[in-house]
Each structure stands twice: as C-alpha cells, then as structure tokens.
>>> print(open('input.cif').read())   # mmCIF, C-alpha atoms
data_entry
#
loop_
_atom_site.label_atom_id
_atom_site.label_comp_id
_atom_site.auth_asym_id
_atom_site.auth_seq_id
_atom_site.Cartn_x
_atom_site.Cartn_y
_atom_site.Cartn_z
CA MET N 1 91.37 51.19 -10.40
CA SER N 2 88.44 53.21 -11.68
CA THR N 3 87.91 56.08 -14.09
CA VAL N 4 85.08 57.40 -11.86
CA ASP N 5 85.53 59.02 -8.46
CA PRO N 6 84.15 56.30 -6.10
CA SER N 7 83.04 58.82 -3.45
CA ARG N 8 81.02 60.78 -6.01
CA ALA N 9 79.56 57.58 -7.45
CA ARG N 10 78.50 56.45 -3.96
CA ALA N 11 76.92 59.84 -3.26
CA ALA N 12 75.01 59.63 -6.56
CA ARG N 13 73.68 56.17 -5.68
CA GLN N 14 72.62 57.32 -2.21
CA ALA N 15 70.85 60.36 -3.65
CA ARG N 16 68.89 58.29 -6.16
CA ARG N 17 65.19 58.04 -5.27
CA PRO N 18 64.12 54.43 -4.50
CA SER N 19 61.86 52.97 -7.16
CA THR N 20 58.18 52.21 -6.75
CA THR N 21 58.99 48.54 -7.39
CA ARG N 22 61.24 48.52 -4.35
CA VAL N 23 58.50 50.12 -2.24
CA VAL N 24 55.95 47.48 -3.33
CA VAL N 25 58.38 44.59 -2.76
CA LEU N 26 59.22 45.80 0.75
CA LEU N 27 55.55 46.18 1.64
CA VAL N 28 54.92 42.62 0.42
CA VAL N 29 57.88 41.38 2.50
CA LEU N 30 56.53 43.15 5.59
CA PHE N 31 53.03 41.80 5.02
CA ALA N 32 54.40 38.28 4.52
CA GLY N 33 56.50 38.62 7.65
CA GLY N 34 53.41 39.65 9.58
CA VAL N 35 51.40 36.72 8.20
CA LEU N 36 54.07 34.21 9.21
CA MET N 37 54.47 35.79 12.64
CA GLY N 38 50.72 35.72 13.19
CA TRP N 39 50.51 32.13 12.00
CA GLY N 40 53.48 31.03 14.10
CA TRP N 41 52.54 32.67 17.37
CA GLY N 42 48.92 31.75 16.84
CA GLY N 43 49.99 28.13 16.51
CA PHE N 44 51.88 28.36 19.79
CA ALA N 45 48.81 29.82 21.51
CA LEU N 46 46.61 26.90 20.47
CA ILE N 47 48.77 24.03 21.70
CA GLY N 48 48.20 22.39 25.07
CA GLU N 49 50.53 22.82 28.02
CA ASP N 50 52.24 19.46 27.53
CA ALA N 51 52.15 19.32 23.75
CA GLU N 52 55.13 19.89 21.51
CA PRO N 53 54.95 23.07 19.43
CA PRO N 54 54.05 22.26 15.82
CA VAL N 55 56.85 22.55 13.30
CA GLY N 56 54.77 24.93 11.18
CA ALA N 57 54.37 27.32 14.10
CA VAL N 58 58.10 27.31 14.83
CA LEU N 59 59.04 27.88 11.20
CA GLY N 60 56.37 30.56 10.84
CA ALA N 61 57.51 32.50 13.91
CA VAL N 62 61.20 32.32 13.00
CA GLY N 63 60.67 32.99 9.29
CA GLY N 64 58.27 35.81 10.03
CA LEU N 65 60.74 37.40 12.42
CA ILE N 66 63.53 37.25 9.82
CA LEU N 67 61.32 38.73 7.10
CA SER N 68 60.05 41.44 9.43
CA VAL N 69 63.52 42.54 10.55
CA ALA N 70 64.84 42.53 6.97
CA GLY N 71 61.72 44.28 5.70
CA PHE N 72 61.85 47.06 8.29
CA ALA N 73 65.58 47.59 7.68
CA GLY N 74 64.92 48.05 3.97
CA TRP N 75 61.79 50.10 4.62
CA THR N 76 63.60 52.49 6.94
CA ALA N 77 66.31 53.12 4.34
CA THR N 78 63.64 53.62 1.67
CA MET N 79 61.30 55.94 3.55
CA LEU N 80 64.19 58.24 4.44
CA ARG N 81 64.70 58.90 0.72
CA ARG N 82 61.07 59.16 -0.44
CA SER N 83 58.67 61.79 0.85
CA ASP N 84 55.56 59.92 -0.33
CA VAL N 85 56.03 56.96 2.01
CA GLY N 86 56.62 56.73 5.73
CA LEU N 87 56.77 54.49 8.75
CA GLY N 88 52.97 54.27 8.86
CA TYR N 89 52.71 52.25 5.64
CA GLY N 90 55.35 49.76 6.78
CA ALA N 91 53.75 49.32 10.20
CA ALA N 92 50.33 48.90 8.57
CA ALA N 93 51.61 46.14 6.26
CA GLU N 94 53.18 44.28 9.19
CA LEU N 95 50.15 44.60 11.48
CA LEU N 96 47.57 43.73 8.84
CA GLY N 97 49.66 40.71 7.87
CA GLY N 98 49.88 39.66 11.51
CA GLY N 99 46.12 39.90 11.88
CA ALA N 100 45.57 37.90 8.69
CA GLY N 101 48.02 35.17 9.74
CA LEU N 102 46.55 34.88 13.21
CA MET N 103 43.00 34.82 11.89
CA ALA N 104 43.94 32.09 9.43
CA VAL N 105 45.31 29.77 12.10
CA LEU N 106 42.29 30.45 14.31
CA GLN N 107 39.75 29.24 11.73
CA GLY N 108 37.33 26.82 13.40
CA THR N 109 38.45 27.66 16.94
CA GLN N 110 36.66 29.53 19.73
CA ASN N 111 39.65 31.21 21.38
CA VAL N 112 38.11 34.56 22.27
CA VAL N 113 41.37 36.15 23.41
CA ALA N 114 43.26 35.19 20.27
CA HIS N 115 40.41 36.42 18.05
CA GLY N 116 40.42 39.69 19.98
CA ILE N 117 44.17 40.08 19.38
CA ALA N 118 43.68 39.43 15.65
CA TRP N 119 41.01 42.11 15.40
CA ALA N 120 43.18 44.49 17.43
CA LEU N 121 45.98 43.97 14.90
CA PHE N 122 43.55 44.79 12.07
CA VAL N 123 42.43 47.97 13.83
CA LEU N 124 46.01 49.06 14.55
CA GLY N 125 46.99 48.30 10.97
CA ALA N 126 44.14 50.44 9.64
CA PHE N 127 45.12 53.23 12.04
CA PHE N 128 48.74 53.25 10.83
CA LEU N 129 47.54 53.10 7.22
CA VAL N 130 45.46 56.25 7.74
CA LEU N 131 48.32 57.86 9.66
CA GLY N 132 50.76 57.12 6.85
CA ALA N 133 48.39 58.44 4.19
CA SER N 134 47.77 61.63 6.20
CA ALA N 135 51.51 62.24 6.68
CA ALA N 136 52.20 61.66 2.98
CA ALA N 137 49.40 64.06 2.05
CA ALA N 138 50.85 66.72 4.38
CA ARG N 139 54.26 66.35 2.74
CA ARG N 140 52.67 66.66 -0.71
CA ARG N 141 50.89 69.85 0.36
CA GLN N 142 54.17 71.28 1.63
CA GLY N 143 55.84 70.36 -1.67
CA SER N 144 53.06 72.09 -3.62
CA ARG N 145 53.38 75.16 -1.37
CA ASP N 146 57.12 75.26 -2.06
CA GLU N 147 56.50 75.12 -5.79
CA ARG N 148 54.00 78.01 -5.58
CA ILE N 149 56.40 80.12 -3.54
CA MET N 150 59.20 79.50 -6.04
CA GLU N 151 56.89 80.59 -8.86
CA SER N 152 55.23 83.63 -7.29
CA GLY N 153 57.20 84.49 -4.15
CA MET N 154 59.90 87.07 -3.62
CA LEU N 155 63.38 85.94 -4.61
CA THR N 156 66.42 87.09 -2.64
CA THR N 157 69.87 85.92 -1.62
CA ALA N 158 70.38 84.12 1.66
CA THR N 159 73.64 83.45 3.48
CA VAL N 160 74.57 80.49 5.67
CA SER N 161 75.05 81.95 9.15
CA ASP N 162 75.48 78.61 10.97
CA LYS N 163 76.32 75.44 9.05
CA GLY N 164 75.21 73.25 11.97
CA TYR N 165 78.27 71.01 12.26
CA ASP N 166 81.98 71.19 13.05
CA PHE N 167 83.47 68.35 11.01
CA PHE N 168 82.64 64.95 9.57
CA HIS N 169 83.24 61.91 11.78
CA GLU N 170 83.17 58.30 10.57
CA SER N 171 80.23 58.90 8.26
CA SER N 172 80.57 60.79 4.99
CA ARG N 173 77.12 62.33 5.51
CA ILE N 174 75.68 64.60 8.20
CA LEU N 175 72.01 65.38 8.80
CA THR N 176 71.90 68.71 10.59
CA THR N 177 70.04 71.99 10.98
CA VAL N 178 71.52 74.80 8.94
CA THR N 179 70.69 78.44 9.70
CA PHE N 180 70.23 80.90 6.84
CA THR N 181 69.81 84.66 7.07
CA PHE N 182 68.26 87.09 4.60
CA THR N 183 66.83 90.60 4.45
CA ASP N 184 63.20 91.15 3.44
CA LEU N 185 61.70 94.02 1.43
CA GLN N 186 61.27 96.15 4.57
CA GLY N 187 64.98 95.84 5.36
CA THR N 188 64.44 93.50 8.29
CA GLN N 189 67.07 90.81 8.74
CA ARG N 190 65.53 87.39 9.31
CA TRP N 191 66.81 83.92 10.06
CA VAL N 192 65.37 80.56 9.08
CA GLN N 193 66.53 77.04 9.89
CA LYS N 194 66.29 74.08 7.53
CA THR N 195 67.24 70.43 7.95
CA VAL N 196 69.91 69.56 5.41
CA LEU N 197 71.73 66.35 4.46
CA ILE N 198 75.33 67.34 3.85
CA GLU N 199 77.76 65.18 1.90
CA GLN N 200 81.46 65.22 2.72
CA SER N 201 82.15 65.67 -0.98
CA ALA N 202 80.01 68.85 -1.02
CA PRO N 203 80.29 70.53 2.40
CA ILE N 204 78.32 73.64 3.31
CA MET N 205 80.35 76.59 4.55
CA GLU N 206 79.35 79.58 6.65
CA GLY N 207 79.03 82.64 4.44
CA GLN N 208 77.94 80.53 1.49
CA GLU N 209 75.19 82.15 -0.54
CA THR N 210 72.08 80.57 -2.01
CA ARG N 211 68.74 81.62 -3.45
CA LEU N 212 65.75 81.97 -1.13
CA TRP N 213 62.06 82.53 -1.90
CA TYR N 214 59.56 83.88 0.62
CA ASP N 215 56.03 85.25 0.83
CA ALA N 216 56.40 89.04 0.62
CA ALA N 217 53.05 89.50 2.38
CA ASN N 218 54.14 87.32 5.31
CA PRO N 219 57.95 87.05 5.39
CA GLY N 220 57.90 85.56 8.88
CA ASP N 221 56.01 82.44 7.78
CA THR N 222 58.75 79.80 7.86
CA ARG N 223 56.56 77.27 6.03
CA SER N 224 56.49 79.63 3.06
CA ILE N 225 60.26 80.04 2.89
CA VAL N 226 62.13 77.92 0.37
CA VAL N 227 65.92 77.76 0.47
CA GLU N 228 67.47 76.38 -2.72
CA LEU N 229 70.47 74.83 -0.97
CA ALA N 230 68.28 73.07 1.61
CA ARG N 231 65.80 71.89 -1.02
CA ALA N 232 68.57 70.44 -3.17
CA ASN N 233 70.03 68.58 -0.18
CA ALA N 234 66.84 67.43 1.53
CA LEU N 235 66.82 64.02 3.24
CA ARG N 236 63.52 62.97 1.67
CA ARG N 237 62.62 63.64 -1.95
#
>>> encode(input="input.cif", output="structure tokens")
Amino acid sequence: MSTVDPSRARAARQARRPSTTRVVVLLVVLFAGGVLMGWGWGGFALIGEDAEPPVGAVLGAVGGLILSVAGFAGWTATMLRRSDVGLGYGAAAELLGGGAGLMAVLQGTQNVVAHGIAWALFVLGAFFLVLGASAAAARRRQGSRDERIMESGMLTTATVSDKGYDFFHESSRILTTVTFTFTDLQGTQRWVQKTVLIEQSAPIMEGQETRLWYDAANPGDTRSIVVELARANALRR
C-alpha cells in the first residue's frame, strides 16, 4: 500500500534528467570496457598457434565485453534523456579505451597489423568524439533558438490535429509524431509536426490546445516554431 500514485511516481522518475555523475561514471565504465577488450583481444593476437591463451587475455576479453554491454545499455538510457550527450561520446570512450588497451599489451612488440588496429581505434574514437561534440552543439543552438522565439516570437494558440497514435500497448509511454495546426498573422492555416513522448497518465487528445510561438517574419520556418506541449514532453532535455 502506498500514499503516492505509483504510476505518477514512476513517470516522475523517468522524466528526471540523469545527473552529470551518472554520465561520467558510464563514460568511465565504457572506457574501462574498451581497455579490457583491447588488452584481452590483443593478448590473443600475440600468442602462438599452439600456445594456450593467457588467463589475463581471457579475463580481459570477457570482463571487457560485460562492462561494454552494461555501459552501452546505461548510456543509451541516459542519452535519450539528456540533450547534451549522445551516442558519439559513448562510442568515443569505448574506442579510445580499446586503442589504449591494445597499445598497452603491444608494448615492446613489432606486430605491425596490431599496431595499425590500435591507431585505427584511436582515430575512430577521435572522430566519434568530434561527432558527439558537434551534435551536442547543434542541439544547444536549437535550444537557444527556441528560447529566443519564446521571448520575441509571435504567440498564438495551436490545436492537435493528429495525436500520432491510436492507443497504448504494453508500454505506458509512446514516442510519436504529433501534428499541430495554427493560423498565422496573414490568416494562413499551417501545420507543424513535433516528436513527443506521451505518458499513459497524461495522454494527448486531438483538439487539445496549446501555446505556440513562431517567427512572424518567416512563419513557415519549422525550426523557429516552438510548441509548448511538445517542448514539455520532449524525449531529450
């Protein structure tokens, strides 16, 4: 028995933005998983055809795989709820860790192929790091644009013309595209679609009204249209 509605409490927990500590811990886990994977598979690559695989290599490969799978599961759940991180950062941590682990086990050896793979992992890791930073910067710019439009744009009332779903299935949440319609200053009716995360406890209905801001000088610019209902129920925050 509880004095709090469990469905509302669960929705509140799911809506809470993951902490920076969690982000850092997951990146460390992914980097460590990459290091162990690089160390383990590097150890396998250096043994002779008839030699038994070293215990350290086996433990490294298995432990690294476990950490990597767990890390990416946690990272996926985290990046879907934070707009300032993305898949690129997680992939970069894993790849850079793999390169570091492989390079460590190759110290003092002349295996050209293995060294080439290690450097390729470093290059790929750097690429995904830049990709992640660029994507995060683009999301920040869009967030700043939304704030400017809400401060200086034209405010009107929009109506949900298509809620984007029929009913909830097994999950209590639906990620869908909702269509809103509004009329601009010239009397032209316009439609805009936004991706919305809908909770079963707070469904969106067709005909529902919400506030909408747009650029009066360019009402057709969908990037400069902010829908309050969609912003409040965005997947990433």
>>> closest_residue(input="input.cif", among="N:Gln200, N:Gln193, N:Ser134, N:Thr176", to="Ile225 of chain N", atoms="all atoms listed in the file")
N:Gln193
>>> atom_distance(input="input.cif", atom1="atom CA of Gln110 of chain N", atom2="atom CA of Gly98 of chain N")
18.6 Å
>>> closest_atom_pairs(input="input.cif", of="segment 61-162 of chain N", to="segment 28-40 of chain N", cutoff="6 Å", atoms="only C-alpha atoms", output="CSV")
residue,atom,partner,partner_atom,distance
N:Ala61,CA,N:Gly40,CA,4.3
N:Gly64,CA,N:Gly33,CA,4.1
N:Leu67,CA,N:Gly33,CA,4.9
N:Ser68,CA,N:Gly33,CA,4.9
N:Gly71,CA,N:Leu30,CA,5.3
N:Ala93,CA,N:Phe31,CA,4.7
N:Glu94,CA,N:Gly34,CA,4.7
N:Gly97,CA,N:Gly34,CA,4.3
N:Gly98,CA,N:Gly34,CA,4.0
N:Ala100,CA,N:Val35,CA,6.0
N:Gly101,CA,N:Val35,CA,4.0
N:Leu102,CA,N:Gly38,CA,4.3
N:Val105,CA,N:Trp39,CA,5.7
>>> closest_residue(input="input.cif", among="N:Thr177, N:Thr76, N:Ser144, N:Asn111", to="Ile204 of chain N", atoms="all atoms listed in the file")
N:Thr177
>>> closest_residue(input="input.cif", among="N:Asp215, N:Gly143, N:Leu175, N:Ala158", to="Arg231 of chain N", atoms="all atoms listed in the file")
N:Gly143
>>> closest_residue(input="input.cif", among="N:Ile117, N:Leu235, N:Leu87, N:Met205", to="Asp166 of chain N", atoms="only C-alpha atoms")
N:Met205
>>> residues_around(input="input.cif", residues="Trp213 of chain N", least_positions_apart="5", cutoff="7 Å", atoms="only C-alpha atoms", output="ChimeraX atom specification")
/N:149-150,153-156,225-227
>>> atom_distance(input="input.cif", atom1="atom CA of Val24 of chain N", atom2="atom CA of Arg141 of chain N")
23.2 Å
>>> atom_distance(input="input.cif", atom1="atom CA of Ala230 of chain N", atom2="atom CA of Leu197 of chain N")
8.1 Å
>>> resolve_selection(input="input.cif", expression="the PyMOL selection byres ((chain N and resi 20) around 12)", output="ChimeraX atom specification")
/N:17-19,21-27,78-79,81-82,84-85
>>> write_last_selection(input="input.cif", atoms="C-alpha atoms", output="PDB file, in the coordinates of the input")
ATOM      1  CA  ARG N  17      65.190  58.040  -5.270  1.00  0.00           C
ATOM      2  CA  PRO N  18      64.120  54.430  -4.500  1.00  0.00           C
ATOM      3  CA  SER N  19      61.860  52.970  -7.160  1.00  0.00           C
ATOM      4  CA  THR N  21      58.990  48.540  -7.390  1.00  0.00           C
ATOM      5  CA  ARG N  22      61.240  48.520  -4.350  1.00  0.00           C
ATOM      6  CA  VAL N  23      58.500  50.120  -2.240  1.00  0.00           C
ATOM      7  CA  VAL N  24      55.950  47.480  -3.330  1.00  0.00           C
ATOM      8  CA  VAL N  25      58.380  44.590  -2.760  1.00  0.00           C
ATOM      9  CA  LEU N  26      59.220  45.800   0.750  1.00  0.00           C
ATOM     10  CA  LEU N  27      55.550  46.180   1.640  1.00  0.00           C
ATOM     11  CA  THR N  78      63.640  53.620   1.670  1.00  0.00           C
ATOM     12  CA  MET N  79      61.300  55.940   3.550  1.00  0.00           C
ATOM     13  CA  ARG N  81      64.700  58.900   0.720  1.00  0.00           C
ATOM     14  CA  ARG N  82      61.070  59.160  -0.440  1.00  0.00           C
ATOM     15  CA  ASP N  84      55.560  59.920  -0.330  1.00  0.00           C
ATOM     16  CA  VAL N  85      56.030  56.960   2.010  1.00  0.00           C
TER      17      VAL N  85
END
>>> resolve_selection(input="input.cif", expression="the PyMOL selection byres ((chain N and resi 163) around 6)", output="ChimeraX atom specification")
/N:162,164-165,178,206
>>> closest_residue(input="input.cif", among="N:Asn233, N:Thr210, N:Thr157, N:Thr195", to="Thr179 of chain N", atoms="all atoms listed in the file")
N:Thr195
